[in-house]
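One file, model13.tsv, is given below (TSV, C-alpha atoms and all ligand atoms).
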```tsv
chain	number	residue	atom	x	y	z
D	28	MET	CA	0.00	0.00	0.00
D	29	LYS	CA	1.30	3.44	-0.92
D	30	PHE	CA	1.64	6.05	1.84
D	31	PHE	CA	0.65	9.63	1.02
D	32	ILE	CA	0.78	12.48	3.52
D	33	ASP	CA	-2.30	14.70	3.79
D	34	THR	CA	-0.93	18.16	4.45
D	35	ALA	CA	0.32	21.33	2.78
D	36	ASN	CA	2.95	21.88	5.49
D	37	LEU	CA	6.39	21.83	3.84
D	38	ALA	CA	8.29	20.88	7.02
D	39	GLU	CA	6.03	17.85	7.61
D	40	ILE	CA	6.29	16.81	3.97
D	41	GLN	CA	10.10	17.05	4.20
D	42	GLU	CA	10.10	15.03	7.45
D	43	ALA	CA	7.93	12.31	5.88
D	44	GLN	CA	10.11	12.27	2.75
D	45	ASP	CA	13.28	11.94	4.88
D	46	PHE	CA	11.63	9.13	6.87
D	47	GLY	CA	11.79	7.09	3.66
D	48	VAL	CA	8.28	5.67	3.28
D	49	LEU	CA	6.52	8.50	1.46
D	50	ASP	CA	4.90	7.87	-1.93
D	51	GLY	CA	3.00	11.12	-2.45
D	52	VAL	CA	1.09	14.08	-1.03
D	53	THR	CA	-2.55	15.14	-0.96
D	54	THR	CA	-3.73	18.65	-0.20
D	55	ASN	CA	-7.10	20.38	-0.18
D	56	PRO	CA	-8.21	24.02	0.03
D	57	SER	CA	-8.65	23.77	3.82
D	58	LEU	CA	-5.10	22.45	4.27
D	59	MET	CA	-3.72	25.24	2.04
D	60	ALA	CA	-5.65	27.85	4.05
D	61	LYS	CA	-4.29	26.34	7.29
D	62	GLU	CA	-0.76	27.11	6.04
D	63	GLY	CA	-1.85	30.69	5.25
D	64	ILE	CA	-1.38	30.20	1.49
D	65	SER	CA	-3.66	32.49	-0.53
D	66	GLY	CA	-3.69	34.18	-3.92
D	67	LYS	CA	-3.27	32.29	-7.19
D	68	ASN	CA	0.48	32.84	-7.61
D	69	ASN	CA	1.29	31.86	-4.02
D	70	VAL	CA	-0.87	28.75	-4.32
D	71	LEU	CA	0.87	27.68	-7.55
D	72	ARG	CA	4.30	28.41	-6.04
D	73	HIS	CA	3.42	26.34	-2.97
D	74	TYR	CA	2.35	23.34	-5.08
D	75	LYS	CA	5.64	23.59	-6.98
D	76	ALA	CA	7.56	23.67	-3.67
D	77	ILE	CA	5.76	20.48	-2.59
D	78	CYS	CA	6.63	18.80	-5.91
D	79	ASP	CA	10.28	19.72	-5.38
D	80	ILE	CA	10.36	17.85	-2.04
D	81	VAL	CA	8.46	14.65	-2.75
D	82	ASP	CA	9.14	11.71	-5.09
D	83	GLY	CA	5.59	10.88	-6.15
D	84	ASP	CA	2.15	12.18	-6.97
D	85	VAL	CA	0.95	15.49	-5.52
D	86	SER	CA	-2.81	16.12	-5.52
D	87	ALA	CA	-3.75	19.77	-6.10
D	88	GLU	CA	-7.45	20.63	-5.89
D	89	VAL	CA	-9.43	22.87	-8.24
D	90	ILE	CA	-11.68	25.52	-6.70
D	91	ALA	CA	-14.05	25.92	-9.66
D	92	THR	CA	-17.22	23.82	-9.66
D	93	ASP	CA	-18.18	24.30	-13.33
D	94	PHE	CA	-16.69	22.23	-16.18
D	95	GLU	CA	-14.88	25.09	-17.99
D	96	GLY	CA	-13.46	26.47	-14.75
D	97	MET	CA	-12.20	23.05	-13.63
D	98	ILE	CA	-10.53	22.49	-17.01
D	99	ARG	CA	-8.88	25.92	-16.91
D	100	GLU	CA	-7.59	25.49	-13.34
D	101	GLY	CA	-6.68	21.83	-13.81
D	102	GLU	CA	-4.59	22.51	-16.91
D	103	GLU	CA	-2.76	25.30	-15.13
D	104	LEU	CA	-2.02	22.99	-12.18
D	105	ALA	CA	-0.94	20.11	-14.42
D	106	ASP	CA	1.47	22.42	-16.29
D	107	LEU	CA	3.33	23.08	-13.01
D	108	ASP	CA	4.96	19.64	-12.73
D	109	ASP	CA	4.56	16.05	-13.96
D	110	LYS	CA	3.87	15.00	-10.35
D	111	ILE	CA	0.64	17.02	-10.17
D	112	VAL	CA	-2.62	15.07	-9.95
D	113	VAL	CA	-5.66	17.29	-10.52
D	114	LYS	CA	-8.05	16.82	-7.62
D	115	ILE	CA	-11.68	17.20	-8.63
D	116	PRO	CA	-14.85	17.08	-6.50
D	117	MET	CA	-17.46	14.36	-6.97
D	118	ILE	CA	-20.08	16.41	-8.80
D	119	LYS	CA	-21.60	16.10	-12.28
D	120	ASP	CA	-19.25	18.60	-13.94
D	121	GLY	CA	-16.41	16.99	-12.02
D	122	ILE	CA	-17.09	13.64	-13.69
D	123	LYS	CA	-17.06	15.39	-17.09
D	124	ALA	CA	-13.76	17.07	-16.20
D	125	ILE	CA	-12.25	13.73	-15.09
D	126	LYS	CA	-13.22	12.22	-18.45
D	127	TYR	CA	-11.65	15.19	-20.26
D	128	PHE	CA	-8.37	14.97	-18.32
D	129	SER	CA	-8.18	11.19	-18.59
D	130	GLU	CA	-8.41	11.47	-22.39
D	131	LYS	CA	-5.57	14.01	-22.29
D	132	GLY	CA	-3.40	11.74	-20.13
D	133	ILE	CA	-3.60	14.08	-17.10
D	134	LYS	CA	-3.89	12.29	-13.76
D	135	THR	CA	-6.95	12.96	-11.57
D	136	ASN	CA	-8.06	12.31	-8.02
D	137	CYS	CA	-11.84	12.34	-7.48
D	138	THR	CA	-12.37	13.71	-3.98
D	139	LEU	CA	-15.25	13.70	-1.48
D	140	ILE	CA	-16.30	10.10	-2.20
D	141	PHE	CA	-18.78	8.77	0.35
D	142	SER	CA	-20.47	5.92	-1.54
D	143	ALA	CA	-19.59	3.00	-3.79
D	144	GLY	CA	-21.78	4.45	-6.56
D	145	GLN	CA	-19.74	7.65	-6.58
D	146	ALA	CA	-16.51	5.64	-6.79
D	147	LEU	CA	-17.91	3.59	-9.69
D	148	LEU	CA	-18.86	6.74	-11.62
D	149	ALA	CA	-15.39	8.26	-11.12
D	150	ALA	CA	-13.70	5.03	-12.22
D	151	LYS	CA	-15.86	4.84	-15.34
D	152	ALA	CA	-14.85	8.42	-16.20
D	153	GLY	CA	-11.18	7.33	-15.96
D	154	ALA	CA	-10.09	8.77	-12.61
D	155	THR	CA	-6.54	7.82	-11.61
D	156	TYR	CA	-7.57	7.81	-7.94
D	157	VAL	CA	-10.82	7.88	-5.97
D	158	SER	CA	-10.69	9.30	-2.45
D	159	PRO	CA	-13.24	7.78	-0.04
D	160	PHE	CA	-13.17	9.81	3.22
D	161	ILE	CA	-13.22	7.09	5.85
D	162	GLY	CA	-12.70	9.24	8.97
D	163	ARG	CA	-15.60	11.54	8.09
D	164	LEU	CA	-17.86	8.48	7.60
D	165	ASP	CA	-16.78	7.09	10.97
D	166	ASP	CA	-17.59	10.50	12.49
D	167	ILE	CA	-21.27	10.13	11.54
D	168	GLY	CA	-21.62	6.50	12.61
D	169	TYR	CA	-20.85	4.65	9.36
D	170	ASP	CA	-17.90	2.28	8.95
D	171	GLY	CA	-15.52	3.92	6.48
D	172	ILE	CA	-13.53	0.70	6.09
D	173	ASP	CA	-16.67	-1.11	4.84
D	174	LEU	CA	-16.78	1.41	2.00
D	175	ILE	CA	-13.15	0.72	1.05
D	176	GLU	CA	-13.94	-3.01	0.99
D	177	GLN	CA	-17.03	-2.47	-1.16
D	178	ILE	CA	-15.13	-0.33	-3.69
D	179	ARG	CA	-12.29	-2.92	-3.75
D	180	THR	CA	-14.80	-5.64	-4.72
D	181	ILE	CA	-16.38	-3.52	-7.46
D	182	PHE	CA	-13.06	-2.42	-8.97
D	183	ASP	CA	-11.75	-6.01	-8.91
D	184	ASN	CA	-14.97	-7.37	-10.47
D	185	TYR	CA	-14.45	-5.20	-13.54
D	186	GLY	CA	-10.69	-4.72	-13.60
D	187	PHE	CA	-10.75	-0.93	-13.16
D	188	ASP	CA	-7.24	0.59	-13.05
D	189	THR	CA	-8.46	3.42	-10.79
D	190	GLU	CA	-6.63	3.28	-7.46
D	191	ILE	CA	-8.45	3.46	-4.14
D	192	LEU	CA	-6.90	6.29	-2.11
D	193	ALA	CA	-8.30	5.99	1.41
D	194	ALA	CA	-8.53	9.56	2.73
D	195	SER	CA	-9.52	11.24	5.97
D	196	ILE	CA	-7.30	8.83	7.89
D	197	ARG	CA	-7.23	9.72	11.58
D	198	ASN	CA	-5.14	7.07	13.33
D	199	PRO	CA	-2.79	4.08	12.86
D	200	LEU	CA	-5.65	1.56	13.09
D	201	HIS	CA	-7.26	3.17	10.04
D	202	ILE	CA	-3.99	2.59	8.14
D	203	ILE	CA	-3.79	-1.06	9.19
D	204	LYS	CA	-7.45	-1.72	8.34
D	205	CYS	CA	-6.99	-0.07	4.92
D	206	ALA	CA	-4.04	-2.37	4.25
D	207	GLU	CA	-6.07	-5.43	5.35
D	208	VAL	CA	-8.91	-4.71	2.92
D	209	GLY	CA	-6.62	-3.91	0.01
D	210	SER	CA	-6.70	-0.13	-0.37
D	211	ASP	CA	-4.07	0.87	-2.96
D	212	VAL	CA	-3.10	4.05	-1.12
D	213	MET	CA	-3.82	5.76	2.17
D	214	THR	CA	-3.38	9.46	2.87
D	215	GLY	CA	-3.10	10.67	6.44
D	216	PRO	CA	-1.37	13.05	8.82
D	217	LEU	CA	2.29	12.51	9.75
D	218	SER	CA	1.16	11.72	13.33
D	219	ALA	CA	-0.81	8.64	12.15
D	220	ILE	CA	2.14	7.41	10.08
D	221	LEU	CA	4.63	7.86	12.93
D	222	ALA	CA	2.21	6.19	15.38
D	223	LEU	CA	2.77	2.94	13.44
D	224	LEU	CA	6.25	2.87	15.00
D	225	LYS	CA	4.93	2.59	18.51
D	226	HIS	CA	4.64	-0.56	20.65
D	227	PRO	CA	5.32	-0.65	24.41
D	228	LEU	CA	7.08	-4.02	24.10
D	229	THR	CA	9.45	-2.54	21.52
D	230	GLU	CA	10.24	0.39	23.83
D	231	ASN	CA	10.69	-1.85	26.91
D	232	GLY	CA	12.68	-4.41	24.95
D	233	LEU	CA	15.08	-1.82	23.57
D	234	LYS	CA	15.55	-0.25	27.00
D	235	GLN	CA	16.38	-3.67	28.46
D	236	PHE	CA	18.88	-4.48	25.68
D	237	LEU	CA	20.67	-1.16	26.17
D	238	ASP	CA	20.66	-1.50	30.01
D	239	ASP	CA	22.09	-5.04	29.80
D	240	HIS	CA	24.72	-3.92	27.31
D	241	ALA	CA	25.70	-1.02	29.58
D	242	LYS	CA	25.98	-3.38	32.63
D	243	ALA	CA	28.14	-5.85	30.71
D	244	ASN	CA	30.37	-3.15	29.28
D	245	GLY	CA	30.83	-1.06	32.39
J	301	LIG	C1	-8.27	13.94	1.13
J	301	LIG	O1	-7.60	14.03	0.11
J	301	LIG	C2	-8.52	15.02	2.07
J	301	LIG	O2	-7.50	15.99	1.96
J	301	LIG	C3	-8.48	14.59	3.49
J	301	LIG	O3	-8.00	13.29	3.68
J	301	LIG	C4	-9.61	15.03	4.35
J	301	LIG	O4	-9.38	14.59	5.66
J	301	LIG	P1	-10.13	15.20	6.93
J	301	LIG	O5	-11.46	14.54	7.04
J	301	LIG	O6	-9.24	14.84	8.08
J	301	LIG	O7	-10.24	16.68	6.69
```
Turn this file's structure into structure tokens for me.
Ligand code: E4P
Amino acid sequence: MKFFIDTANLAEIQEAQDFGVLDGVTTNPSLMAKEGISGKNNVLRHYKAICDIVDGDVSAEVIATDFEGMIREGEELADLDDKIVVKIPMIKDGIKAIKYFSEKGIKTNCTLIFSAGQALLAAKAGATYVSPFIGRLDDIGYDGIDLIEQIRTIFDNYGFDTEILAASIRNPLHIIKCAEVGSDVMTGPLSAILALLKHPLTENGLKQFLDDHAKANG
């Protein structure tokens, strides 16, 4: 399973890249706003800075919600760097835009997926990735992992190349469950990725090894 980091924070992206397990980055308008990035030129410059750090796909989201606007913004984003994946919302014009970009060989990520039917539509339009938001489903009492499993079955039944990019990851258990049910990618915060390192028996065991070594070696 590929690991993407879900942030627009350059220091966190650099830390994840240096950690050695990073396959890509996802951003969204809220994450860009959180970093205080505003204005078209600053936004484009920031996406380019992300591309310069990471080896892998970088999802950059359009703001327009009409077909022409999404094409205009998406082409501008795609021109920035080969790593850019144009992130498009799951709406009717979004599906048309995904079809348009897929025919032009531009990668897309269909965002805000909350049902298997939405994922199927995006795959049929030729999306490179679909992003089911599992944490937000969990928040309202649905099991986000069930949705990943359902989409996995549908994509496998028909041999869709579209990759399942499990989004809205909140914790290490989400990552493990996504891997169990065969998600192609997960995108989450650095904290959830680093939490995979943790186990009390590892910490205690290492402490014991180092204490015993110190005793034996004076
Ligand atoms: C996906 O690409 C989104 O950026 C993201 O995962 C949303 O996560 P949130 O529900 O934590 O905002």
Per residue of segment 87-181 of chain D within 12 Å of segment 214-231 of chain D, record the nearest atom pair and its distance in Å to one decimal, counting all atoms listed in the file, with rows in chain order and ascending residue number, as JSON lines.
```
{"residue": "D:Tyr156", "atom": "CA", "partner": "D:Thr214", "partner_atom": "CA", "distance": 11.7}
{"residue": "D:Val157", "atom": "CA", "partner": "D:Thr214", "partner_atom": "CA", "distance": 11.7}
{"residue": "D:Ser158", "atom": "CA", "partner": "D:Thr214", "partner_atom": "CA", "distance": 9.0}
{"residue": "D:Pro159", "atom": "CA", "partner": "D:Thr214", "partner_atom": "CA", "distance": 10.4}
{"residue": "D:Phe160", "atom": "CA", "partner": "D:Thr214", "partner_atom": "CA", "distance": 9.8}
{"residue": "D:Ile161", "atom": "CA", "partner": "D:Thr214", "partner_atom": "CA", "distance": 10.6}
{"residue": "D:Gly162", "atom": "CA", "partner": "D:Gly215", "partner_atom": "CA", "distance": 10.0}
```
Q: Write as a VMD selection string the residues around ligand LIG 301 (chain J), taking 6 Å as the cut-off and counting all atoms listed in the file.
A: chain D and resid 33 53 to 55 162 to 163 194 to 195
Using C-alpha atoms, can you export the residues from the last selection as a PDB file, in the coordinates of the input?
```pdb
ATOM      1  CA  ASP D  33      -2.300  14.700   3.790  1.00  0.00           C
ATOM      2  CA  THR D  53      -2.550  15.140  -0.960  1.00  0.00           C
ATOM      3  CA  THR D  54      -3.730  18.650  -0.200  1.00  0.00           C
ATOM      4  CA  ASN D  55      -7.100  20.380  -0.180  1.00  0.00           C
ATOM      5  CA  GLY D 162     -12.700   9.240   8.970  1.00  0.00           C
ATOM      6  CA  ARG D 163     -15.600  11.540   8.090  1.00  0.00           C
ATOM      7  CA  ALA D 194      -8.530   9.560   2.730  1.00  0.00           C
ATOM      8  CA  SER D 195      -9.520  11.240   5.970  1.00  0.00           C
TER       9      SER D 195
END
```
Q. From the list D:His73, D:Lys29, D:Lys61, D:Arg99, which residue is nearest Val48 of chain D when using all atoms listed in the file?
A. D:Lys29
Distance query 9 Å from (3.2, 4.1, -1.1) using all atoms listed in the file, result as a PDB file with C-alpha atoms, in the frame of the given file:
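The file below, out05.pdb, is the result:
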```pdb
ATOM      1  CA  MET D  28       0.000   0.000   0.000  1.00  0.00           C
ATOM      2  CA  LYS D  29       1.300   3.440  -0.920  1.00  0.00           C
ATOM      3  CA  PHE D  30       1.640   6.050   1.840  1.00  0.00           C
ATOM      4  CA  PHE D  31       0.650   9.630   1.020  1.00  0.00           C
ATOM      5  CA  VAL D  48       8.280   5.670   3.280  1.00  0.00           C
ATOM      6  CA  LEU D  49       6.520   8.500   1.460  1.00  0.00           C
ATOM      7  CA  ASP D  50       4.900   7.870  -1.930  1.00  0.00           C
ATOM      8  CA  GLY D  51       3.000  11.120  -2.450  1.00  0.00           C
ATOM      9  CA  GLY D  83       5.590  10.880  -6.150  1.00  0.00           C
ATOM     10  CA  ASP D 211      -4.070   0.870  -2.960  1.00  0.00           C
ATOM     11  CA  VAL D 212      -3.100   4.050  -1.120  1.00  0.00           C
ATOM     12  CA  MET D 213      -3.820   5.760   2.170  1.00  0.00           C
TER      13      MET D 213
END
```
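Here atom CA of Ile196 of chain D and atom CA of Ile32 of chain D stand 9.9 Å from one another.
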Using only C-alpha atoms, I'd like a table of the residues in segment 95-167 of chain D that come within 10 Å of segment 171-193 of chain D; for each, show the closest atom pair and its distance in Å rounded to one decimal, ordered by chain and ascending number, as a tab-separated table.
```
residue	atom	partner	partner_atom	distance
D:Thr135	CA	D:Thr189	CA	9.7
D:Asn136	CA	D:Leu192	CA	8.5
D:Cys137	CA	D:Leu192	CA	9.5
D:Thr138	CA	D:Leu192	CA	9.4
D:Ile140	CA	D:Leu174	CA	9.7
D:Phe141	CA	D:Leu174	CA	7.8
D:Ser142	CA	D:Leu174	CA	6.8
D:Ala143	CA	D:Ile178	CA	5.6
D:Gly144	CA	D:Ile178	CA	8.7
D:Gln145	CA	D:Ile178	CA	9.7
D:Ala146	CA	D:Ile178	CA	6.9
D:Leu147	CA	D:Ile181	CA	7.6
D:Ala149	CA	D:Thr189	CA	8.5
D:Ala150	CA	D:Thr189	CA	5.7
D:Lys151	CA	D:Phe187	CA	8.0
D:Ala152	CA	D:Thr189	CA	9.8
D:Gly153	CA	D:Thr189	CA	7.0
D:Ala154	CA	D:Thr189	CA	5.9
D:Thr155	CA	D:Thr189	CA	4.9
D:Tyr156	CA	D:Glu190	CA	4.7
D:Val157	CA	D:Ile191	CA	5.3
D:Ser158	CA	D:Leu192	CA	4.9
D:Pro159	CA	D:Ala193	CA	5.5
D:Phe160	CA	D:Ala193	CA	6.4
D:Ile161	CA	D:Gly171	CA	4.0
D:Gly162	CA	D:Gly171	CA	6.5
D:Arg163	CA	D:Gly171	CA	7.8
D:Leu164	CA	D:Gly171	CA	5.2
D:Asp165	CA	D:Gly171	CA	5.6
D:Asp166	CA	D:Gly171	CA	9.1
D:Ile167	CA	D:Gly171	CA	9.9
```
Q. Rounded to one decimal in Å, what is the spacing between atom CA of Ser210 of chain D and atom CA of Glu42 of chain D?
A. 23.9 Å
Q) In Å, how far is it from atom CA of Asp93 of chain D to atom CA of Ala124 of chain D? A)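 So the two atoms, atom CA of Asp93 of chain D and atom CA of Ala124 of chain D, lie 8.9 Å apart.
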As AutoDock Vina command-line options, please report the centre and edge lengths, rounded to one decimal in Å, of the axis-aligned box that holds all listed atoms of segment 96-106 of chain D with 6 Å of padding on each of the six sides.
```
--center_x -6.0 --center_y 23.3 --center_z -14.6 --size_x 26.9 --size_y 18.4 --size_z 16.8
```
Q) Which is closest to Asp79 of chain D among D:Met97, D:Leu104, D:Leu37, D:Leu58, if we use all atoms listed in the file? A) D:Leu37
(Q) Using all atoms listed in the file for the distances, tell me which of D:Val52, D:Val70, D:Ala43, D:Tyr127 is nearest to Val112 of chain D. (A)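 Closest candidate: D:Val52.
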**Q.** Pick from D:Ile115, D:Val89, D:Leu237, D:Ala105, whichever lies nearest to Lys131 of chain D using all atoms listed in the file
**A.**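 Closest to Lys131 of chain D, using all atoms listed in the file: D:Ala105.
Comparing the minimum interatomic distances between Ala38 of chain D and each of D:Ile98, D:Leu148, D:Ile80, D:Leu71, counting all atoms listed in the file, we find that D:Ile80 sits nearest.
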Q | Which of D:His240, D:Gly245, D:Val208, D:Thr34 sits closest to Val85 of chain D [using only C-alpha atoms] | A | D:Thr34
